[in-house]
4 protein chains.
Amino acid sequence: MNVRDTVEIGLNRFARRGYDLDEVSIVPSRRTRDVDDVSTAWQIDAFRFEIPLVTSPSDAVVSPATAVAVGRAGGLGVLNAEGLWTRYDDPEPVFARLRDAADGGAPPTALLQEVYSETVKADLLTARVKEMRDAGVTTAVRVSPQHTLQLAPTVLAAGVDLLVIQGTIVSAEHVTTQGDALNLKEFIADLDVPVIVGGAANYQTALHLMRTGAAGVIVGVGADSFSTSDAVMGIRVPLASAIADAAAARRDYLDETGGRYVHVIANGRIETSGAIARALACGADAVQIGEPLRIAEEAPGGGIWWDSVAAHPRLPRGSTSAPLPSAGPLEQVLLGPAAAADGRTNLFGALARTMAKTGYRDLKEFQRVDLVIGGREA
Amino acid sequence: MNVRDTVEIGLNRFARRGYDLDEVSIVPSRRTRDVDDVSTAWQIDAFRFEIPLVTSPSDAVVSPATAVAVGRAGGLGVLNAEGLWTRYDDPEPVFARLRDAADGGAPPTALLQEVYSETVKADLLTARVKEMRDAGVTTAVRVSPQHTLQLAPTVLAAGVDLLVIQGTIVSAEHVTTQGDALNLKEFIADLDVPVIVGGAANYQTALHLMRTGAAGVIVGVGADSFSTSDAVMGIRVPLASAIADAAAARRDYLDETGGRYVHVIANGRIETSGAIARALACGADAVQIGEPLRIAEEAPGGGIWWDSVAAHPRLPRGSTSAPLPSAGPLEQVLLGPAAAADGRTNLFGALARTMAKTGYRDLKEFQRVDLVIGGREA
Amino acid sequence: MNVRDTVEIGLNRFARRGYDLDEVSIVPSRRTRDVDDVSTAWQIDAFRFEIPLVTSPSDAVVSPATAVAVGRAGGLGVLNAEGLWTRYDDPEPVFARLRDAADGGAPPTALLQEVYSETVKADLLTARVKEMRDAGVTTAVRVSPQHTLQLAPTVLAAGVDLLVIQGTIVSAEHVTTQGDALNLKEFIADLDVPVIVGGAANYQTALHLMRTGAAGVIVGVGADSFSTSDAVMGIRVPLASAIADAAAARRDYLDETGGRYVHVIANGRIETSGAIARALACGADAVQIGEPLRIAEEAPGGGIWWDSVAAHPRLPRGSTSAPLPSAGPLEQVLLGPAAAADGRTNLFGALARTMAKTGYRDLKEFQRVDLVIGGREA
Amino acid sequence: MNVRDTVEIGLNRFARRGYDLDEVSIVPSRRTRDVDDVSTAWQIDAFRFEIPLVTSPSDAVVSPATAVAVGRAGGLGVLNAEGLWTRYDDPEPVFARLRDAADGGAPPTALLQEVYSETVKADLLTARVKEMRDAGVTTAVRVSPQHTLQLAPTVLAAGVDLLVIQGTIVSAEHVTTQGDALNLKEFIADLDVPVIVGGAANYQTALHLMRTGAAGVIVGVGADSFSTSDAVMGIRVPLASAIADAAAARRDYLDETGGRYVHVIANGRIETSGAIARALACGADAVQIGEPLRIAEEAPGGGIWWDSVAAHPRLPRGSTSAPLPSAGPLEQVLLGPAAAADGRTNLFGALARTMAKTGYRDLKEFQRVDLVIGGREA
């Protein structure tokens, strides 16, 4: 391992210099290509997707129905096993209450804390998975590390295709003095379905998570524009650097295992098609996004956004947001055409065009595109 | 070739550090000179211009009439062969519709997409070129790389002086699996008129475009303040660095050909006289600008601004803009006097004064002026 | 001593590159831990505290009563011996006057100057200390270096536990031609109670202050968001660097004394739980904060904020601020739960969680957590 | 000469990295001192001043009467020989017209251009100098390099103490093909009064100006907050670096002449007491300021601000500004007390306090104070 670009913030106290996605840009190179000759497909385990999209398990954008719509558009929808859909038989009145309390603004954090205090029900979880399976798309459900031992049996029994074990920050080594901690490596070894796990923030954590046997590792702490993990916890993950580090871990792990390729899924303030292109250019295999999908007319939150951590009972770490107007059906948000030039619609059509304009045919090649630091956002 | 100033964004993933025009400034040196002793003239092929101005081929600022006015003021007006003037016999009602829909604000992208869905007509193209030729100025027309093979014969038959082949991003090597791609080198070799081609974003692309036989290479992706290629595609070109790289390509190409000097034309968020001076100081021979001309009272858009890429049917990459009030005739915008201190009028008179204050007589000498990075914009 | 990261601002004139707290962030590492297994306790001399909190001696947030409340919540409240509580028998009408003059905005500086022109009374000082002592918490009082010789006897006779000698900038060597200067080393040597002294801004000053025999050294010049020491005096202390330097001084002093550990207390624009975590991560043993406490419902200023330097008769160096609404009792501000995600409540519960998420058990270990420079504030 | 900190903006095109005053801050060191033991005096030729203040020759702040007031407060007032006071017998109606046209906002540039088109009268110039001389203060008048040969005889005959030859950018070598250029070296050699000349922007120009025999060199291009030399001409002078370079030139010139000390006077966006302290800390002997004086109740412009270059007939390079309310008499602005904490009053009292807090006795020592780059403005 080889860490460079450190600064000495004070005598003998060093910090690494990290770069955010919006500091890094893509530089067109000497070749161009027809957009129709470009593929944005990727594959994890036996599952192939036409677009490198994994949704955030946020109730604001993923219901069983929208997970199906995402699947049909070529991506992977991830339902939160610990969200409103498994706490309430009918969550629609809860969504309506949030929208009403918001009254065009942002719903209060205290209300979010209240509605998430309802317990999770196993039978609802089973029913939600069934609903997605019946639609014929690849199904994925997210559980938190804390509740994995409790909820995973239900999720697996319901026949999910991919299990996502995701917390803000997950490590391969959780230390506890109270009861049994989840041993990821043993847990995953016993499973029949592939597991995606995260978030991780640096080379070492990513490598250790790869060694647990995960099929995919989520990089980043899920910080969207409304995240406050910085103000609340002092934690910030410059995502471009974190992705590149995780890609290095992927390469090293590939070498140490003689061929196991673990997918790197980037997650954190990826809110435009430009940011998606950057994340992949830095080395990600796919992106996990939530906030950008709230402008789809199918979004359960009706344009309001909150991440699950915004509902934490003692230490919420994300603001809720006022609703954005709909920009059309989910398929248009993902695949275009765009009727505005803000990078918020035709998210993956734009990716294909960036790949074409820089001369690349597929995502794996595109990870080598030239990058530049600097320059003003246009 | 010698690339320095790279940063390691993550393990073994490197990016170049690029600088934008507004990060670089001109430093007065130990000599000063009378402004009347300064020349801002440049020459490309047999065509001499008193000011180093090539217009963007944007309908918002270039009609056949304004192209003539630009020529009379000493610059080169470039008409878009694929703009409103060749799609509509009388584009005035279209402009009026855009202005009315804008109602003092910015016209909607969807309307722009609609009016540009009309087809381009060869006879209109011929007539527009004739109108400019008849006025006695040097004529130039822009075609996109995609439509060059189709439109260039008409343009050339109409007797244009300079052909501009310009897309957001152009390479010397376009790969396609569908039909014939434009082979720039063969195409240019067969022509009798000099060709300006671009945009290019780095040393390599610029050098390859020079090797196609072009007389001028446009550097930059045309990103004005309203461009969103960053948000939409993740592409950003720090222009000061791109210009300096292209100037290095010019020097190397001059050496490898034993004397062919290809002009470097900078294009991208050059919106004040200060930015024009900086672009030339970094090594450009001329600037391609559009947005700054919209405050001329002759501007066809009546002060509204949009670039052609803002009208893309599936992926627009530029916002439209609300109108700015007129600041006087085009000649005053270009040559002064200025009645405001904002760098938006007397664009080339200001350039002459900067050259005088730093002691340079002509543009070629001025490319060596001292530069500084840093300092706050006043 | 080893100073790196210097820049040459001009020929042979060098400046050190310093980093502010908000430029530095905490990076989760490969281990996580249960929050219930984490301790935020620290101890200075014989006094142990459950949370690493020393209050600023600001009248806006510290009355004898709130100092007691801070003590009961596990921190150390510091009363200003030269504040309104020792100038006025009943300061309530003065607070009311400030609030009335502010009328929802910020009280005028001139009024602040006026109310602080009243003299300090020894009997009031004695009574205030008694009030705190009687409540059974650890008591601390702040005197300025200028008035230490005059006021300290009263403070000590009143039975204070810790003496805080604090000015904006304090040195171990004050030079004067007028009368006797305070010789900190001799003064401290004669005392029976431990002394905290500051603020200091670099390695050298911190080391010299440690050599005076102080039990704790305050690092930083107390600059909250409303401080104007930058605009008024050109003085700015990038706090992350200053803390790390002082931590190096602590290490070197520990070595030169064969085991005397002097506590480093960080003070300056620490206004969120994230900033508290960062300050400790950079090497501080505790934080001195004032402004964040003004949203406690017990805050004497009723949500208005001013630091003592804002009342300087000739050169005020801090603005007063409009009131913030109450966010609940002091205990909730310090220990949660938080009903908002802004990092302004549950200040030390958040710290514990950051320590847990990065795998550390206690503050001393946490000073080694990985840091990163860069990344956008979320 | 030794230039470091260069960056390669593109292949083989280098720029120096420069620092602005507000990027550099003063770091308190291990000693402090009583403010009463500090001297802010400086001396140029035979003239001693209690505060290191040279005014900008701006009509907005310097009339003959305010020049006298500045002198009485311990500084040097500089009247513009080419301003309104020498163009109009009674300029009061002109000021009134500017204020009326502004109507609480900023007066239009065109009106400024108009009122400055009146010719300069030699008899008025003589009378203005006499008015200042009669008051018994040190007198100084500014002429532009272009009009020095024409106006200087009148100025000198009127008995001025110091001559200021000042343009935005002045070099020791002005090249012209039209008539005689001012040869500074010959001109100064023939004079009996000391000359201050500038602005210069780097080591070389400063050194060459010192070699003309000037007693003082102005560093910087006079860019206040309303200057637009950046937008108009692409010229920006990071002042901290320029001052440090000029101080190096001063040192080298002192060495090459065996003892001639030429004073460095910093000029450019020095608008707070903090900026004054920084400029001196970077190596200046005095500061030339204008904009900060407009809040003095004696300011002729009544709080409006414009610099002379804002009135240029063809290329104005400064905006006019709306009036600021008066902050008291000039003496209070310069020497306090301050009733606000914004660094805009008690400008030189604050300087003395900064010197005291960092332990320095006089300005020459203070030029060695520790500096830091970075940190957020408080």
# chains A, B, ... in the order shown; residues from 1 in each chain; ligands from 1
$ residues_around --residues "Ile196 in chain D" --least-positions-apart "2" --cutoff "8 Å" --atoms "only C-alpha atoms" --output "PyMOL selection string"
chain D and resi 162-166+194+198+214-218
$ write_last_selection --atoms "N, CA and C atoms" --output "compact mmCIF listing (two decimals), in the first residue's frame"
# COMPACT_ATOMS: atom_id res chain seq x y z
N LEU D 162 6.44 66.87 -0.99
CA LEU D 162 6.68 65.57 -1.60
C LEU D 162 5.90 65.49 -2.90
N LEU D 163 6.52 64.95 -3.94
CA LEU D 163 5.83 64.77 -5.21
C LEU D 163 5.51 63.29 -5.39
N VAL D 164 4.25 63.01 -5.73
CA VAL D 164 3.83 61.63 -5.97
C VAL D 164 3.52 61.46 -7.46
N ILE D 165 4.32 60.65 -8.15
CA ILE D 165 4.07 60.36 -9.57
C ILE D 165 3.41 58.99 -9.62
N GLN D 166 2.12 58.98 -9.91
CA GLN D 166 1.40 57.73 -9.74
C GLN D 166 0.40 57.49 -10.87
N PRO D 194 11.70 65.10 -2.51
CA PRO D 194 11.65 63.65 -2.67
C PRO D 194 10.40 63.23 -3.46
N GLY D 198 4.87 55.11 -8.43
CA GLY D 198 4.25 53.78 -8.54
C GLY D 198 2.95 53.88 -9.30
N ALA D 214 13.84 57.42 -6.62
CA ALA D 214 12.64 57.70 -5.83
C ALA D 214 12.90 57.44 -4.34
N ALA D 215 12.21 58.21 -3.50
CA ALA D 215 12.32 58.01 -2.05
C ALA D 215 11.36 56.92 -1.58
N GLY D 216 10.30 56.74 -2.35
CA GLY D 216 9.32 55.72 -2.00
C GLY D 216 8.74 55.10 -3.26
N VAL D 217 8.40 53.83 -3.20
CA VAL D 217 7.79 53.14 -4.33
C VAL D 217 6.44 52.59 -3.87
N ILE D 218 5.42 52.91 -4.65
CA ILE D 218 4.09 52.38 -4.37
C ILE D 218 3.96 51.00 -5.00
$ closest_atom_pairs --of "chain D" --to "chain B" --cutoff "8 Å" --atoms "only C-alpha atoms" --output "CSV"
residue,atom,partner,partner_atom,distance
D:Val7,CA,B:Asp5,CA,7.6
D:Glu8,CA,B:Asp5,CA,6.8
D:Ile9,CA,B:Ser241,CA,5.0
D:Gly10,CA,B:Ser241,CA,4.5
D:Leu11,CA,B:Asp245,CA,5.2
D:Asn12,CA,B:Ala248,CA,7.3
D:Arg13,CA,B:Ala244,CA,6.2
D:Phe14,CA,B:Leu371,CA,7.3
D:Ala15,CA,B:Leu371,CA,4.8
D:Arg16,CA,B:Val372,CA,4.7
D:Arg17,CA,B:Ile373,CA,4.7
D:Gly18,CA,B:Gly374,CA,5.2
D:Tyr19,CA,B:Gly375,CA,5.7
D:Asp20,CA,B:Gly375,CA,4.9
D:Thr109,CA,B:Ala340,CA,5.9
D:Ala110,CA,B:Ala339,CA,5.6
D:Ile169,CA,B:Lys357,CA,6.7
D:Val170,CA,B:Thr32,CA,7.1
D:Ser171,CA,B:Arg31,CA,5.3
D:Ala172,CA,B:Arg30,CA,6.7
D:Glu173,CA,B:Arg31,CA,5.1
D:His174,CA,B:Thr32,CA,4.7
D:Val175,CA,B:Arg33,CA,4.7
D:Thr176,CA,B:Asp34,CA,5.5
D:Thr177,CA,B:Asp37,CA,7.0
D:Ala200,CA,B:Pro28,CA,7.8
D:Ala201,CA,B:Pro28,CA,6.3
D:Asn202,CA,B:Ser29,CA,7.3
D:Gln204,CA,B:Arg30,CA,6.3
D:Thr205,CA,B:Arg30,CA,4.6
D:His208,CA,B:Arg30,CA,7.5
D:Ala223,CA,B:Ala378,CA,6.9
D:Asp224,CA,B:Ala378,CA,7.2
D:Ser225,CA,B:Ala378,CA,5.9
D:Phe226,CA,B:Ala378,CA,6.9
D:Ser227,CA,B:Ala378,CA,5.7
D:Thr228,CA,B:Ala378,CA,5.7
D:Ser229,CA,B:Ala378,CA,7.2
D:Asp230,CA,B:Ala378,CA,6.0
D:Ala231,CA,B:Gly274,CA,4.6
D:Val232,CA,B:Gly343,CA,4.0
D:Met233,CA,B:Gly274,CA,4.3
D:Gly234,CA,B:Gly274,CA,3.7
D:Ile235,CA,B:Ile26,CA,4.7
D:Arg236,CA,B:Ser25,CA,5.6
D:Val237,CA,B:Gly375,CA,6.6
D:Pro238,CA,B:Gly375,CA,4.4
D:Leu239,CA,B:Gly375,CA,7.7
D:Ala310,CA,B:Ala341,CA,7.1
D:Pro313,CA,B:Pro337,CA,7.3
D:Arg314,CA,B:Pro337,CA,4.4
D:Leu315,CA,B:Ala338,CA,5.5
D:Pro316,CA,B:Ala341,CA,4.9
D:Arg317,CA,B:Ala341,CA,5.0
D:Gly318,CA,B:Ala341,CA,5.6
D:Ser319,CA,B:Ala341,CA,5.9
$ residues_around --residues "range 136-141 of chain B" --least-positions-apart "2" --cutoff "9 Å" --atoms "only C-alpha atoms" --output "MDAnalysis selection string"
chainID B and resid 47 57 67:72 75:81 129 132:134 143 155 159:165
$ write_last_selection --atoms "N, CA and C atoms" --output "short mmCIF file (atom, residue, chain, number, x, y, z; two decimals), in the first residue's frame"
data_model
loop_
_atom_site.label_atom_id
_atom_site.label_comp_id
_atom_site.auth_asym_id
_atom_site.auth_seq_id
_atom_site.Cartn_x
_atom_site.Cartn_y
_atom_site.Cartn_z
N PHE B 47 -6.07 35.66 -44.77
CA PHE B 47 -7.04 36.60 -44.22
C PHE B 47 -6.51 37.31 -42.98
N PRO B 57 -20.66 30.33 -33.47
CA PRO B 57 -21.73 30.23 -34.46
C PRO B 57 -23.09 30.12 -33.79
N ALA B 67 -22.78 39.13 -38.88
CA ALA B 67 -21.50 38.62 -39.35
C ALA B 67 -20.80 39.69 -40.18
N VAL B 68 -21.57 40.40 -40.97
CA VAL B 68 -21.00 41.49 -41.77
C VAL B 68 -20.50 42.60 -40.86
N ALA B 69 -21.29 42.94 -39.86
CA ALA B 69 -20.89 44.00 -38.92
C ALA B 69 -19.61 43.63 -38.19
N VAL B 70 -19.50 42.35 -37.80
CA VAL B 70 -18.28 41.89 -37.14
C VAL B 70 -17.09 42.04 -38.09
N GLY B 71 -17.29 41.65 -39.35
CA GLY B 71 -16.23 41.77 -40.34
C GLY B 71 -15.80 43.22 -40.51
N ARG B 72 -16.75 44.11 -40.55
CA ARG B 72 -16.42 45.54 -40.73
C ARG B 72 -15.69 46.10 -39.51
N GLY B 75 -13.23 41.81 -37.19
CA GLY B 75 -13.18 40.42 -36.75
C GLY B 75 -13.74 39.47 -37.77
N LEU B 76 -13.95 38.23 -37.38
CA LEU B 76 -14.50 37.21 -38.26
C LEU B 76 -15.82 36.69 -37.68
N GLY B 77 -16.92 36.93 -38.41
CA GLY B 77 -18.21 36.39 -38.00
C GLY B 77 -18.40 35.01 -38.58
N VAL B 78 -18.90 34.09 -37.77
CA VAL B 78 -19.12 32.72 -38.24
C VAL B 78 -20.61 32.41 -38.14
N LEU B 79 -21.23 32.10 -39.27
CA LEU B 79 -22.65 31.75 -39.27
C LEU B 79 -22.81 30.25 -39.11
N ASN B 80 -23.80 29.85 -38.33
CA ASN B 80 -24.07 28.43 -38.14
C ASN B 80 -24.87 27.89 -39.32
N ALA B 81 -24.29 26.92 -40.07
CA ALA B 81 -25.00 26.32 -41.21
C ALA B 81 -26.18 25.49 -40.75
N VAL B 129 -24.96 32.65 -47.28
CA VAL B 129 -23.56 32.90 -47.60
C VAL B 129 -23.44 34.03 -48.61
N MET B 132 -23.66 37.45 -47.10
CA MET B 132 -22.43 37.91 -46.44
C MET B 132 -21.34 38.26 -47.46
N ARG B 133 -21.18 37.41 -48.46
CA ARG B 133 -20.16 37.67 -49.50
C ARG B 133 -20.41 39.01 -50.17
N ASP B 134 -21.68 39.27 -50.50
CA ASP B 134 -22.01 40.51 -51.20
C ASP B 134 -21.59 41.74 -50.42
N VAL B 143 -20.11 24.09 -39.75
CA VAL B 143 -20.87 22.86 -39.87
C VAL B 143 -20.44 21.93 -38.74
N VAL B 155 -21.97 24.61 -48.80
CA VAL B 155 -21.25 25.74 -48.23
C VAL B 155 -20.12 26.18 -49.16
N GLY B 159 -19.29 29.63 -51.97
CA GLY B 159 -18.15 30.54 -52.04
C GLY B 159 -17.67 31.08 -50.71
N VAL B 160 -17.75 30.25 -49.67
CA VAL B 160 -17.31 30.69 -48.35
C VAL B 160 -15.78 30.82 -48.33
N ASP B 161 -15.23 31.71 -47.50
CA ASP B 161 -13.78 31.89 -47.43
C ASP B 161 -13.11 30.92 -46.47
N LEU B 162 -13.79 30.65 -45.36
CA LEU B 162 -13.23 29.77 -44.33
C LEU B 162 -14.32 28.81 -43.89
N LEU B 163 -13.96 27.54 -43.72
CA LEU B 163 -14.92 26.54 -43.23
C LEU B 163 -14.59 26.21 -41.78
N VAL B 164 -15.61 26.26 -40.94
CA VAL B 164 -15.41 25.93 -39.53
C VAL B 164 -16.15 24.62 -39.22
N ILE B 165 -15.40 23.57 -38.91
CA ILE B 165 -16.00 22.29 -38.53
C ILE B 165 -15.93 22.20 -37.02
#
$ residues_around --residues "Asn267 in chain A" --least-positions-apart "2" --cutoff "6 Å" --atoms "only C-alpha atoms" --output "list of chain:residue names"
A:Val219, A:Gly220, A:Gly222, A:Gln288
$ select_by_dssp --residues "range 108-137 of chain B" --states "alpha helix (DSSP H)" --output "PyMOL selection string"
chain B and resi 109-115+122-134
$ select_by_dssp --residues "range 145-199 of chain D" --states "strand (DSSP E)" --output "PyMOL selection string"
chain D and resi 162-166+173-175+195-199
$ residues_around --residues "Val120 in chain B" --least-positions-apart "4" --cutoff "7 Å" --atoms "only C-alpha atoms" --output "PDB file with N, CA and C atoms, in the first residue's frame"
ATOM      1  N   GLU B  82     -26.234  25.200 -39.457  1.00  0.00           N
ATOM      2  CA  GLU B  82     -27.315  24.367 -38.935  1.00  0.00           C
ATOM      3  C   GLU B  82     -28.166  25.117 -37.910  1.00  0.00           C
ATOM      4  N   THR B  86     -30.833  28.883 -41.514  1.00  0.00           N
ATOM      5  CA  THR B  86     -30.898  27.931 -42.628  1.00  0.00           C
ATOM      6  C   THR B  86     -32.065  26.962 -42.453  1.00  0.00           C
ATOM      7  N   ARG B  87     -32.749  27.070 -41.338  1.00  0.00           N
ATOM      8  CA  ARG B  87     -33.930  26.223 -41.121  1.00  0.00           C
ATOM      9  C   ARG B  87     -35.201  26.968 -41.504  1.00  0.00           C
TER      10      ARG B  87
END
$ closest_residue --among "C:Pro145, C:Ser117, C:Asp45, C:Asp59" --to "Val262 in chain C" --atoms "only C-alpha atoms"
C:Asp45
$ residues_around --residues "Ser39 in chain B" --least-positions-apart "5" --cutoff "8 Å" --atoms "only C-alpha atoms" --output "ChimeraX atom specification"
/B:50,352,361-363
$ write_last_selection --atoms "N, CA and C atoms" --output "tab-separated table (two decimals), in the first residue's frame"
chain	number	residue	atom	x	y	z
B	50	GLU	N	-8.15	42.85	-37.91
B	50	GLU	CA	-7.59	43.87	-37.00
B	50	GLU	C	-7.75	43.49	-35.53
B	352	ALA	N	-5.86	46.09	-26.16
B	352	ALA	CA	-4.74	46.93	-26.60
B	352	ALA	C	-4.11	47.64	-25.40
B	361	ARG	N	4.01	44.97	-28.11
B	361	ARG	CA	3.61	45.64	-29.34
B	361	ARG	C	2.58	44.84	-30.14
B	362	ASP	N	2.72	43.51	-30.14
B	362	ASP	CA	1.79	42.71	-30.93
B	362	ASP	C	1.42	41.44	-30.18
B	363	LEU	N	0.42	40.73	-30.71
B	363	LEU	CA	-0.15	39.58	-30.01
B	363	LEU	C	0.85	38.46	-29.82
$ closest_residue --among "C:Ser144, C:Thr55, C:Thr154, C:Thr212" --to "Leu334 in chain C" --atoms "only C-alpha atoms"
C:Thr55
